[in-house]
$ cat start.tsv   # TSV, C-alpha atoms
chain	number	residue	atom	x	y	z
C	1	MET	CA	-60.43	-179.50	-115.91
C	2	ASN	CA	-62.27	-181.58	-113.29
C	3	ASN	CA	-65.70	-180.54	-112.08
C	4	LEU	CA	-64.52	-179.64	-108.57
C	5	LEU	CA	-62.00	-177.14	-109.89
C	6	LEU	CA	-64.53	-175.86	-112.40
C	7	TYR	CA	-67.08	-175.37	-109.64
C	8	ALA	CA	-64.57	-173.46	-107.51
C	9	LEU	CA	-63.73	-171.24	-110.47
C	10	PHE	CA	-67.37	-170.26	-110.99
C	11	ALA	CA	-68.63	-170.36	-107.39
C	12	VAL	CA	-65.94	-168.74	-105.27
C	13	PRO	CA	-65.71	-165.28	-106.94
C	14	PRO	CA	-69.51	-164.69	-106.77
C	15	LEU	CA	-69.49	-165.86	-103.16
C	16	ILE	CA	-66.77	-163.36	-102.24
C	17	LEU	CA	-68.53	-160.58	-104.13
C	18	GLY	CA	-71.81	-161.49	-102.45
C	19	LEU	CA	-70.32	-161.29	-98.97
C	20	ALA	CA	-68.70	-157.96	-99.84
C	21	ALA	CA	-71.98	-156.57	-101.21
C	22	GLN	CA	-73.94	-157.71	-98.16
C	23	GLY	CA	-71.36	-156.16	-95.84
C	24	TRP	CA	-71.43	-152.89	-97.77
C	25	LEU	CA	-75.23	-152.82	-97.66
C	26	ARG	CA	-75.33	-153.60	-93.94
C	27	ARG	CA	-72.80	-150.87	-93.08
C	28	THR	CA	-74.50	-148.30	-95.31
C	29	VAL	CA	-77.98	-149.05	-93.96
C	30	GLN	CA	-76.74	-148.84	-90.37
C	31	ARG	CA	-74.87	-145.61	-91.02
C	32	PHE	CA	-77.85	-143.76	-92.47
C	33	SER	CA	-80.41	-145.36	-90.17
C	34	VAL	CA	-79.16	-143.12	-87.36
C	35	GLN	CA	-79.17	-139.96	-89.49
C	36	PRO	CA	-82.59	-138.30	-89.24
C	37	LEU	CA	-84.35	-136.81	-92.23
C	38	SER	CA	-84.59	-133.03	-91.86
C	39	THR	CA	-88.24	-133.04	-92.99
C	40	GLY	CA	-89.10	-135.29	-90.06
C	41	LEU	CA	-91.09	-137.61	-92.32
C	42	THR	CA	-91.32	-141.34	-91.70
C	43	GLY	CA	-90.73	-143.85	-94.46
C	44	ALA	CA	-94.49	-144.33	-94.82
C	45	GLU	CA	-95.04	-140.57	-95.08
C	46	VAL	CA	-92.33	-140.25	-97.74
C	47	ALA	CA	-94.02	-143.01	-99.72
C	48	GLU	CA	-97.41	-141.31	-99.38
C	49	ARG	CA	-96.04	-137.93	-100.48
C	50	ILE	CA	-94.54	-139.41	-103.64
C	51	LEU	CA	-97.69	-141.34	-104.54
C	52	VAL	CA	-99.93	-138.30	-104.08
C	53	ALA	CA	-97.58	-136.03	-106.03
C	54	ASN	CA	-97.72	-138.43	-108.96
C	55	GLY	CA	-101.48	-138.89	-108.86
C	56	VAL	CA	-101.28	-142.53	-107.84
C	57	ARG	CA	-104.16	-143.00	-105.42
C	58	ASP	CA	-104.95	-146.71	-105.74
C	59	VAL	CA	-101.79	-147.99	-104.01
C	60	LYS	CA	-101.87	-148.90	-100.33
C	61	ILE	CA	-98.93	-148.47	-97.94
C	62	VAL	CA	-98.84	-151.14	-95.27
C	63	PRO	CA	-96.37	-152.25	-92.58
C	64	ALA	CA	-94.55	-155.56	-93.04
C	65	GLU	CA	-93.08	-157.69	-90.29
C	66	GLY	CA	-89.33	-158.03	-89.90
C	67	ALA	CA	-86.42	-156.24	-91.55
C	68	LEU	CA	-85.49	-156.11	-95.24
C	69	THR	CA	-89.00	-157.26	-96.13
C	70	ASP	CA	-89.84	-154.13	-98.10
C	71	HIS	CA	-91.48	-154.77	-101.46
C	72	TYR	CA	-94.13	-153.67	-103.93
C	73	ASP	CA	-96.79	-156.19	-104.92
C	74	PRO	CA	-98.26	-155.29	-108.33
C	75	ARG	CA	-101.05	-157.86	-107.89
C	76	THR	CA	-102.54	-156.05	-104.89
C	77	LYS	CA	-101.02	-152.63	-105.59
C	78	THR	CA	-99.46	-152.60	-102.14
C	79	VAL	CA	-96.23	-151.02	-100.94
C	80	ALA	CA	-95.15	-153.05	-97.91
C	81	LEU	CA	-92.56	-151.35	-95.70
C	82	SER	CA	-90.63	-153.22	-93.02
C	83	GLU	CA	-90.70	-152.20	-89.38
C	84	PRO	CA	-87.38	-150.26	-89.55
C	85	VAL	CA	-88.70	-148.29	-92.54
C	86	TYR	CA	-92.43	-147.75	-92.07
C	87	GLY	CA	-92.28	-145.62	-88.91
C	88	GLN	CA	-88.67	-144.41	-88.88
C	89	ARG	CA	-87.56	-140.89	-89.81
C	90	SER	CA	-84.08	-141.68	-91.14
C	91	ILE	CA	-82.34	-141.29	-94.49
C	92	THR	CA	-82.33	-145.07	-94.89
C	93	ALA	CA	-86.07	-145.28	-94.26
C	94	ALA	CA	-86.75	-142.53	-96.79
C	95	ALA	CA	-84.50	-144.13	-99.42
C	96	VAL	CA	-86.06	-147.57	-99.09
C	97	ALA	CA	-89.61	-146.22	-99.06
C	98	ALA	CA	-88.96	-144.05	-102.12
C	99	HIS	CA	-87.44	-147.01	-103.95
C	100	GLU	CA	-90.46	-149.24	-103.33
C	101	VAL	CA	-92.79	-146.46	-104.45
C	102	GLY	CA	-90.60	-146.26	-107.56
C	103	HIS	CA	-91.94	-149.71	-108.42
C	104	ALA	CA	-95.50	-148.47	-107.90
C	105	LEU	CA	-94.78	-145.62	-110.33
C	106	GLN	CA	-93.39	-148.12	-112.82
C	107	HIS	CA	-96.61	-150.11	-112.56
C	108	ALA	CA	-98.79	-147.04	-112.95
C	109	GLN	CA	-96.84	-145.99	-116.05
C	110	ALA	CA	-96.76	-149.50	-117.57
C	111	TYR	CA	-92.99	-149.82	-117.41
C	112	ALA	CA	-92.28	-152.74	-119.75
C	113	PRO	CA	-89.49	-154.53	-117.81
C	114	LEU	CA	-91.67	-154.62	-114.67
C	115	ALA	CA	-94.60	-156.01	-116.65
C	116	PHE	CA	-92.32	-158.65	-118.17
C	117	ARG	CA	-90.88	-159.62	-114.77
C	118	THR	CA	-94.37	-159.86	-113.26
C	119	ALA	CA	-95.55	-162.04	-116.15
C	120	MET	CA	-92.51	-164.29	-115.68
C	121	PHE	CA	-93.09	-164.88	-111.99
C	122	PRO	CA	-95.39	-167.95	-112.20
C	123	ALA	CA	-92.98	-169.69	-114.58
C	124	VAL	CA	-90.02	-168.75	-112.40
C	125	ALA	CA	-91.71	-170.07	-109.26
C	126	PHE	CA	-92.42	-173.36	-111.04
C	127	ALA	CA	-88.90	-173.64	-112.48
C	128	SER	CA	-87.22	-172.74	-109.19
C	129	ASN	CA	-89.01	-175.55	-107.36
C	130	LEU	CA	-88.48	-178.20	-110.03
C	131	TRP	CA	-85.07	-177.71	-111.62
C	132	ILE	CA	-82.94	-179.00	-108.74
C	133	ILE	CA	-85.12	-182.13	-108.42
C	134	LEU	CA	-84.71	-182.88	-112.12
C	135	LEU	CA	-80.98	-182.16	-111.93
C	136	LEU	CA	-80.44	-184.61	-109.06
C	137	ALA	CA	-82.64	-187.20	-110.75
C	138	GLY	CA	-80.70	-186.79	-113.98
C	139	PHE	CA	-77.36	-187.27	-112.24
C	140	PHE	CA	-78.62	-190.24	-110.22
C	141	LEU	CA	-80.22	-191.98	-113.21
C	142	GLN	CA	-77.42	-190.96	-115.59
C	143	ALA	CA	-80.11	-189.35	-117.75
C	144	VAL	CA	-78.46	-186.49	-119.62
C	145	GLY	CA	-81.78	-185.41	-121.07
C	146	LEU	CA	-83.17	-184.75	-117.59
C	147	VAL	CA	-80.05	-182.77	-116.71
C	148	TRP	CA	-80.46	-180.55	-119.76
C	149	LEU	CA	-84.15	-180.07	-118.95
C	150	ALA	CA	-83.15	-178.99	-115.43
C	151	ILE	CA	-80.61	-176.56	-116.86
C	152	GLY	CA	-83.26	-175.14	-119.17
C	153	LEU	CA	-85.60	-174.56	-116.24
C	154	TYR	CA	-82.80	-172.97	-114.23
C	155	ALA	CA	-82.09	-170.66	-117.18
C	156	ILE	CA	-85.60	-169.24	-116.71
C	157	ALA	CA	-84.70	-168.30	-113.12
C	158	VAL	CA	-81.45	-166.76	-114.36
C	159	LEU	CA	-83.36	-164.68	-116.89
C	160	PHE	CA	-85.55	-163.44	-114.05
C	161	HIS	CA	-82.43	-162.25	-112.20
C	162	VAL	CA	-81.24	-160.41	-115.31
C	163	VAL	CA	-84.62	-158.77	-115.98
C	164	THR	CA	-84.73	-157.66	-112.34
C	165	LEU	CA	-81.66	-155.44	-112.80
C	166	PRO	CA	-83.21	-152.72	-115.01
C	167	VAL	CA	-86.36	-152.83	-112.87
C	168	GLU	CA	-84.41	-152.17	-109.66
C	169	PHE	CA	-82.08	-149.58	-111.20
C	170	ASP	CA	-85.02	-147.66	-112.65
C	171	ALA	CA	-86.91	-147.73	-109.34
C	172	SER	CA	-83.86	-146.24	-107.60
C	173	ARG	CA	-83.53	-143.60	-110.33
C	174	ARG	CA	-87.17	-142.63	-109.88
C	175	ALA	CA	-86.71	-142.54	-106.11
C	176	GLY	CA	-83.81	-140.10	-106.38
C	177	ILE	CA	-85.71	-137.83	-108.75
C	178	GLN	CA	-88.81	-137.77	-106.55
C	179	MET	CA	-86.82	-137.07	-103.37
C	180	GLN	CA	-85.20	-134.07	-105.05
C	181	GLN	CA	-88.17	-132.68	-106.95
C	182	LEU	CA	-90.50	-132.89	-103.95
C	183	GLY	CA	-87.93	-131.46	-101.53
C	184	LEU	CA	-87.99	-134.57	-99.39
C	185	ALA	CA	-84.22	-134.54	-98.91
C	186	SER	CA	-81.57	-131.83	-98.74
C	187	GLY	CA	-78.32	-132.02	-100.71
C	188	GLY	CA	-76.46	-134.06	-98.12
C	189	GLU	CA	-79.47	-136.27	-97.47
C	190	ALA	CA	-79.91	-136.87	-101.20
C	191	ALA	CA	-76.31	-138.07	-101.34
C	192	GLY	CA	-77.01	-140.43	-98.44
C	193	THR	CA	-80.10	-141.71	-100.21
C	194	ARG	CA	-78.05	-142.49	-103.31
C	195	LYS	CA	-75.48	-144.37	-101.23
C	196	VAL	CA	-78.17	-146.55	-99.64
C	197	LEU	CA	-79.77	-147.29	-103.00
C	198	THR	CA	-76.42	-148.00	-104.68
C	199	ALA	CA	-75.43	-150.42	-101.95
C	200	ALA	CA	-78.78	-152.19	-102.27
C	201	ALA	CA	-78.43	-152.35	-106.06
C	202	SER	CA	-75.05	-154.04	-105.74
C	203	THR	CA	-76.70	-157.07	-104.15
C	204	TYR	CA	-78.94	-157.51	-107.21
C	205	VAL	CA	-75.95	-157.27	-109.53
C	206	VAL	CA	-74.01	-159.86	-107.55
C	207	GLY	CA	-77.07	-162.10	-107.38
C	208	ALA	CA	-77.41	-161.99	-111.17
C	209	LEU	CA	-73.69	-162.69	-111.64
C	210	ALA	CA	-73.89	-165.66	-109.25
C	211	ALA	CA	-76.89	-167.08	-111.10
C	212	ILE	CA	-75.18	-166.67	-114.48
C	213	SER	CA	-71.97	-168.25	-113.14
C	214	GLN	CA	-73.87	-171.27	-111.87
C	215	LEU	CA	-75.67	-171.63	-115.18
C	216	VAL	CA	-72.36	-171.56	-117.10
C	217	PHE	CA	-70.91	-174.14	-114.68
C	218	LEU	CA	-73.87	-176.46	-115.18
C	219	VAL	CA	-73.61	-176.20	-118.95
C	220	LEU	CA	-69.84	-176.79	-119.04
C	221	SER	CA	-69.90	-179.63	-116.53
C	222	THR	CA	-72.71	-181.36	-118.43
C	223	GLN	CA	-70.89	-181.00	-121.73
C	224	ASN	CA	-67.81	-182.58	-120.12
C	225	ARG	CA	-69.71	-185.65	-118.98
$ encode --input "start.tsv" --output "C-alpha coordinates"
Amino acid sequence: MNNLLLYALFAVPPLILGLAAQGWLRRTVQRFSVQPLSTGLTGAEVAERILVANGVRDVKIVPAEGALTDHYDPRTKTVALSEPVYGQRSITAAAVAAHEVGHALQHAQAYAPLAFRTAMFPAVAFASNLWIILLLAGFFLQAVGLVWLAIGLYAIAVLFHVVTLPVEFDASRRAGIQMQQLGLASGGEAAGTRKVLTAAASTYVVGALAAISQLVFLVLSTQNR
(Lines of atoms letter the chains of each structure in order from A and count residues from 1; the text may use other names and numbers.)
(Lines give C-alpha, C1' and ligand atoms only; values in the text may rest on other atoms or scores of the structure.)
Protein backbone atom coordinates (compact mmCIF):
# COMPACT_ATOMS: atom_id res chain seq x y z
CA MET A 1 0.00 0.00 0.00
CA ASN A 2 1.52 3.35 -1.02
CA ASN A 3 1.88 6.14 1.51
CA LEU A 4 -0.74 8.37 -0.13
CA LEU A 5 -3.42 5.70 0.16
CA LEU A 6 -2.25 4.87 3.67
CA TYR A 7 -2.48 8.53 4.65
CA ALA A 8 -6.01 8.80 3.25
CA LEU A 9 -7.02 5.70 5.18
CA PHE A 10 -5.86 7.16 8.49
CA ALA A 11 -6.56 10.86 7.90
CA VAL A 12 -9.94 11.06 6.19
CA PRO A 13 -12.14 9.26 8.80
CA PRO A 14 -10.85 11.41 11.71
CA LEU A 15 -11.32 14.52 9.57
CA ILE A 16 -14.95 13.62 8.85
CA LEU A 17 -15.58 12.78 12.50
CA GLY A 18 -13.93 16.03 13.55
CA LEU A 19 -16.14 18.12 11.29
CA ALA A 20 -19.21 16.25 12.54
CA ALA A 21 -18.21 16.78 16.19
CA GLN A 22 -17.54 20.48 15.65
CA GLY A 23 -20.89 20.90 13.91
CA TRP A 24 -22.69 19.08 16.70
CA LEU A 25 -20.98 21.22 19.33
CA ARG A 26 -21.74 24.45 17.47
CA ARG A 27 -25.44 23.58 17.04
CA THR A 28 -25.80 22.43 20.66
CA VAL A 29 -24.06 25.51 22.07
CA GLN A 30 -26.20 27.83 19.94
CA ARG A 31 -29.39 26.02 20.88
CA PHE A 32 -28.86 26.28 24.62
CA SER A 33 -27.26 29.71 24.51
CA VAL A 34 -30.70 31.21 23.92
CA GLN A 35 -32.38 29.19 26.68
CA PRO A 36 -32.15 31.12 29.96
CA LEU A 37 -31.33 29.45 33.25
CA SER A 38 -34.35 29.61 35.57
CA THR A 39 -32.16 30.63 38.53
CA GLY A 40 -31.09 33.73 36.61
CA LEU A 41 -27.44 33.09 37.45
CA THR A 42 -24.62 34.04 35.10
CA GLY A 43 -21.86 31.60 34.24
CA ALA A 44 -19.54 33.37 36.68
CA GLU A 45 -22.15 33.16 39.45
CA VAL A 46 -22.68 29.44 38.82
CA ALA A 47 -18.93 28.91 39.08
CA GLU A 48 -18.78 30.90 42.32
CA ARG A 49 -21.69 28.97 43.87
CA ILE A 50 -20.02 25.63 43.16
CA LEU A 51 -16.65 26.73 44.51
CA VAL A 52 -18.15 28.10 47.74
CA ALA A 53 -20.32 25.02 48.25
CA ASN A 54 -17.23 22.83 48.03
CA GLY A 55 -15.11 24.98 50.30
CA VAL A 56 -12.72 26.01 47.56
CA ARG A 57 -11.90 29.63 48.32
CA ASP A 58 -8.47 30.08 46.73
CA VAL A 59 -9.64 29.92 43.09
CA LYS A 60 -10.29 33.11 41.15
CA ILE A 61 -12.96 33.49 38.45
CA VAL A 62 -11.91 35.88 35.72
CA PRO A 63 -13.25 36.88 32.29
CA ALA A 64 -11.34 35.76 29.20
CA GLU A 65 -11.41 37.44 25.81
CA GLY A 66 -13.08 35.76 22.86
CA ALA A 67 -15.26 32.66 22.59
CA LEU A 68 -14.39 29.06 23.47
CA THR A 69 -11.46 30.30 25.54
CA ASP A 70 -12.78 28.87 28.79
CA HIS A 71 -10.20 26.99 30.85
CA TYR A 72 -8.85 26.27 34.31
CA ASP A 73 -5.20 27.08 35.00
CA PRO A 74 -3.90 24.96 37.90
CA ARG A 75 -0.71 27.03 38.08
CA THR A 76 -2.57 30.22 39.04
CA LYS A 77 -5.74 28.54 40.35
CA THR A 78 -7.83 30.58 37.94
CA VAL A 79 -11.09 29.71 36.21
CA ALA A 80 -11.16 31.82 33.04
CA LEU A 81 -14.59 32.13 31.42
CA SER A 82 -15.07 33.47 27.91
CA GLU A 83 -17.24 36.48 27.16
CA PRO A 84 -20.29 34.39 26.11
CA VAL A 85 -20.07 32.45 29.39
CA TYR A 86 -18.89 34.82 32.11
CA GLY A 87 -21.85 37.22 32.07
CA GLN A 88 -24.55 35.20 30.30
CA ARG A 89 -27.50 33.54 32.03
CA SER A 90 -28.03 30.60 29.67
CA ILE A 91 -27.89 26.83 30.01
CA THR A 92 -24.76 26.78 27.86
CA ALA A 93 -23.04 29.35 30.08
CA ALA A 94 -23.92 27.38 33.21
CA ALA A 95 -22.73 24.09 31.71
CA VAL A 96 -19.39 25.48 30.56
CA ALA A 97 -18.76 27.32 33.82
CA ALA A 98 -19.61 24.24 35.89
CA HIS A 99 -17.30 22.12 33.75
CA GLU A 100 -14.33 24.44 34.24
CA VAL A 101 -14.99 24.55 37.98
CA GLY A 102 -14.99 20.75 37.80
CA HIS A 103 -11.30 21.03 36.96
CA ALA A 104 -10.77 23.29 39.97
CA LEU A 105 -12.44 20.65 42.16
CA GLN A 106 -10.18 18.00 40.65
CA HIS A 107 -7.17 20.12 41.56
CA ALA A 108 -8.40 20.74 45.09
CA GLN A 109 -8.97 17.00 45.59
CA ALA A 110 -5.65 15.96 44.00
CA TYR A 111 -7.27 14.07 41.13
CA ALA A 112 -4.40 11.96 39.78
CA PRO A 113 -5.07 12.21 36.00
CA LEU A 114 -5.15 16.02 36.23
CA ALA A 115 -1.90 16.07 38.18
CA PHE A 116 -0.32 13.77 35.59
CA ARG A 117 -1.55 15.90 32.68
CA THR A 118 -0.27 19.08 34.35
CA ALA A 119 3.13 17.47 34.97
CA MET A 120 3.26 16.39 31.32
CA PHE A 121 2.59 19.84 29.92
CA PRO A 122 6.20 21.15 29.72
CA ALA A 123 7.33 17.98 27.93
CA VAL A 124 4.34 18.13 25.60
CA ALA A 125 4.99 21.78 24.74
CA PHE A 126 8.61 20.93 23.92
CA ALA A 127 7.70 17.84 21.88
CA SER A 128 4.92 19.61 19.98
CA ASN A 129 7.29 22.34 18.80
CA LEU A 130 10.16 20.02 17.86
CA TRP A 131 8.74 16.80 16.42
CA ILE A 132 7.64 18.15 13.05
CA ILE A 133 11.03 19.85 12.52
CA LEU A 134 12.85 16.59 13.23
CA LEU A 135 10.42 14.67 11.01
CA LEU A 136 10.99 16.97 8.03
CA ALA A 137 14.74 16.96 8.63
CA GLY A 138 14.73 13.17 8.81
CA PHE A 139 12.84 12.85 5.53
CA PHE A 140 15.02 15.45 3.80
CA LEU A 141 18.30 13.95 5.02
CA GLN A 142 17.06 10.37 4.63
CA ALA A 143 17.91 9.89 8.32
CA VAL A 144 15.58 7.21 9.64
CA GLY A 145 16.88 7.71 13.16
CA LEU A 146 15.68 11.32 13.16
CA VAL A 147 12.29 10.21 11.87
CA TRP A 148 11.90 7.72 14.69
CA LEU A 149 12.97 10.35 17.22
CA ALA A 150 10.30 12.67 15.81
CA ILE A 151 7.71 9.91 16.09
CA GLY A 152 8.74 9.30 19.70
CA LEU A 153 8.28 12.98 20.52
CA TYR A 154 4.91 13.01 18.76
CA ALA A 155 3.89 9.98 20.83
CA ILE A 156 4.26 12.17 23.94
CA ALA A 157 1.72 14.61 22.48
CA VAL A 158 -0.59 11.70 21.66
CA LEU A 159 -0.34 10.45 25.24
CA PHE A 160 -1.36 13.92 26.39
CA HIS A 161 -4.51 13.68 24.24
CA VAL A 162 -5.34 10.30 25.75
CA VAL A 163 -4.75 11.44 29.34
CA THR A 164 -6.98 14.45 28.68
CA LEU A 165 -10.03 12.23 28.09
CA PRO A 166 -10.59 11.02 31.68
CA VAL A 167 -9.81 14.52 32.95
CA GLU A 168 -12.49 16.10 30.75
CA PHE A 169 -15.07 13.35 31.32
CA ASP A 170 -14.62 13.57 35.09
CA ALA A 171 -14.93 17.37 35.05
CA SER A 172 -18.23 17.06 33.18
CA ARG A 173 -19.42 14.40 35.62
CA ARG A 174 -18.62 16.67 38.55
CA ALA A 175 -20.36 19.56 36.81
CA GLY A 176 -23.57 17.58 36.40
CA ILE A 177 -23.54 16.45 40.02
CA GLN A 178 -22.95 19.96 41.33
CA MET A 179 -25.67 21.50 39.15
CA GLN A 180 -28.17 18.97 40.51
CA GLN A 181 -27.12 18.89 44.15
CA LEU A 182 -26.99 22.68 44.46
CA GLY A 183 -30.28 23.20 42.61
CA LEU A 184 -28.62 25.27 39.92
CA ALA A 185 -30.63 23.62 37.15
CA SER A 186 -34.10 22.12 36.90
CA GLY A 187 -34.75 18.72 35.32
CA GLY A 188 -35.03 20.04 31.77
CA GLU A 189 -32.09 22.39 32.25
CA ALA A 190 -29.97 19.55 33.65
CA ALA A 191 -30.70 17.57 30.48
CA GLY A 192 -29.61 20.57 28.40
CA THR A 193 -26.44 20.86 30.45
CA ARG A 194 -25.62 17.21 29.77
CA LYS A 195 -26.16 17.70 26.03
CA VAL A 196 -23.76 20.66 25.95
CA LEU A 197 -21.12 18.78 27.91
CA THR A 198 -21.52 15.61 25.83
CA ALA A 199 -21.13 17.55 22.60
CA ALA A 200 -18.01 19.23 23.96
CA ALA A 201 -16.59 15.88 25.11
CA SER A 202 -17.01 14.45 21.62
CA THR A 203 -14.42 16.92 20.29
CA TYR A 204 -11.83 15.60 22.76
CA VAL A 205 -12.57 12.02 21.75
CA VAL A 206 -12.21 12.82 18.06
CA GLY A 207 -9.04 14.80 18.74
CA ALA A 208 -7.51 11.81 20.53
CA LEU A 209 -8.56 9.45 17.71
CA ALA A 210 -7.04 11.79 15.11
CA ALA A 211 -3.77 11.97 17.04
CA ILE A 212 -3.61 8.19 17.43
CA SER A 213 -4.42 7.69 13.73
CA GLN A 214 -1.61 10.02 12.71
CA LEU A 215 0.81 8.25 15.02
CA VAL A 216 -0.09 4.85 13.53
CA PHE A 217 0.32 6.29 10.01
CA LEU A 218 3.76 7.66 10.84
CA VAL A 219 4.88 4.34 12.29
CA LEU A 220 3.57 2.27 9.36
CA SER A 221 4.88 4.62 6.70
CA THR A 222 8.32 4.69 8.33
CA GLN A 223 8.43 0.91 8.58
CA ASN A 224 7.58 0.71 4.86
CA ARG A 225 10.48 2.94 3.86
$ residues_around --input "start.tsv" --residues "Ala200 in chain C" --least-positions-apart "4" --cutoff "9 Å" --atoms "all atoms listed in the file" --output "list in words"
Ala21, Gln22, Trp24, Leu25, Val29, Lys195, Val196 and Tyr204 of chain C
$ residues_around --input "start.tsv" --residues "Val147 in chain C" --least-positions-apart "6" --cutoff "12 Å" --atoms "all atoms listed in the file" --output "tab-separated table (two decimals) with C-alpha atoms, in the frame of the given file"
chain	number	residue	atom	x	y	z
C	130	LEU	CA	-88.48	-178.20	-110.03
C	131	TRP	CA	-85.07	-177.71	-111.62
C	132	ILE	CA	-82.94	-179.00	-108.74
C	133	ILE	CA	-85.12	-182.13	-108.42
C	134	LEU	CA	-84.71	-182.88	-112.12
C	135	LEU	CA	-80.98	-182.16	-111.93
C	136	LEU	CA	-80.44	-184.61	-109.06
C	137	ALA	CA	-82.64	-187.20	-110.75
C	138	GLY	CA	-80.70	-186.79	-113.98
C	139	PHE	CA	-77.36	-187.27	-112.24
C	140	PHE	CA	-78.62	-190.24	-110.22
C	141	LEU	CA	-80.22	-191.98	-113.21
C	153	LEU	CA	-85.60	-174.56	-116.24
C	154	TYR	CA	-82.80	-172.97	-114.23
C	218	LEU	CA	-73.87	-176.46	-115.18
C	219	VAL	CA	-73.61	-176.20	-118.95
C	221	SER	CA	-69.90	-179.63	-116.53
C	222	THR	CA	-72.71	-181.36	-118.43
C	223	GLN	CA	-70.89	-181.00	-121.73
C	225	ARG	CA	-69.71	-185.65	-118.98
$ atom_distance --input "start.tsv" --atom1 "CA of Phe116 in chain C" --atom2 "CA of Phe160 in chain C"
9.3 Å
$ closest_residue --input "start.tsv" --among "C:Leu182, C:Pro84, C:Gly18, C:Gly188" --to "Leu209 in chain C" --atoms "all atoms listed in the file"
C:Gly18
$ residues_around --input "start.tsv" --residues "Val167 in chain C" --least-positions-apart "3" --cutoff "9 Å" --atoms "only C-alpha atoms" --output "PDB file with C-alpha atoms, keeping the file's coordinate frame"
ATOM      1  CA  HIS C 103     -91.940-149.710-108.420  1.00  0.00           C
ATOM      2  CA  GLN C 106     -93.390-148.120-112.820  1.00  0.00           C
ATOM      3  CA  TYR C 111     -92.990-149.820-117.410  1.00  0.00           C
ATOM      4  CA  PRO C 113     -89.490-154.530-117.810  1.00  0.00           C
ATOM      5  CA  LEU C 114     -91.670-154.620-114.670  1.00  0.00           C
ATOM      6  CA  ARG C 117     -90.880-159.620-114.770  1.00  0.00           C
ATOM      7  CA  VAL C 163     -84.620-158.770-115.980  1.00  0.00           C
ATOM      8  CA  THR C 164     -84.730-157.660-112.340  1.00  0.00           C
ATOM      9  CA  ASP C 170     -85.020-147.660-112.650  1.00  0.00           C
ATOM     10  CA  ALA C 171     -86.910-147.730-109.340  1.00  0.00           C
ATOM     11  CA  SER C 172     -83.860-146.240-107.600  1.00  0.00           C
TER      12      SER C 172
END
$ residues_near_point --input "start.tsv" --point "(-88.5, -140.3, -105.8)" --cutoff "12 Å" --atoms "only C-alpha atoms" --output "count of residues only"
42
$ atom_distance --input "start.tsv" --atom1 "CA of Thr39 in chain C" --atom2 "CA of Asp73 in chain C"
27.4 Å
$ residues_around --input "start.tsv" --residues "range 5-14 of chain C" --least-positions-apart "4" --cutoff "7 Å" --atoms "all atoms listed in the file" --output "PyMOL selection string"
chain C and resi 1+18+206+209-210+213-214+217
$ closest_residue --input "start.tsv" --among "C:Gly66, C:Gly23, C:Gly87, C:Pro74" --to "Leu41 in chain C" --atoms "all atoms listed in the file"
C:Gly87
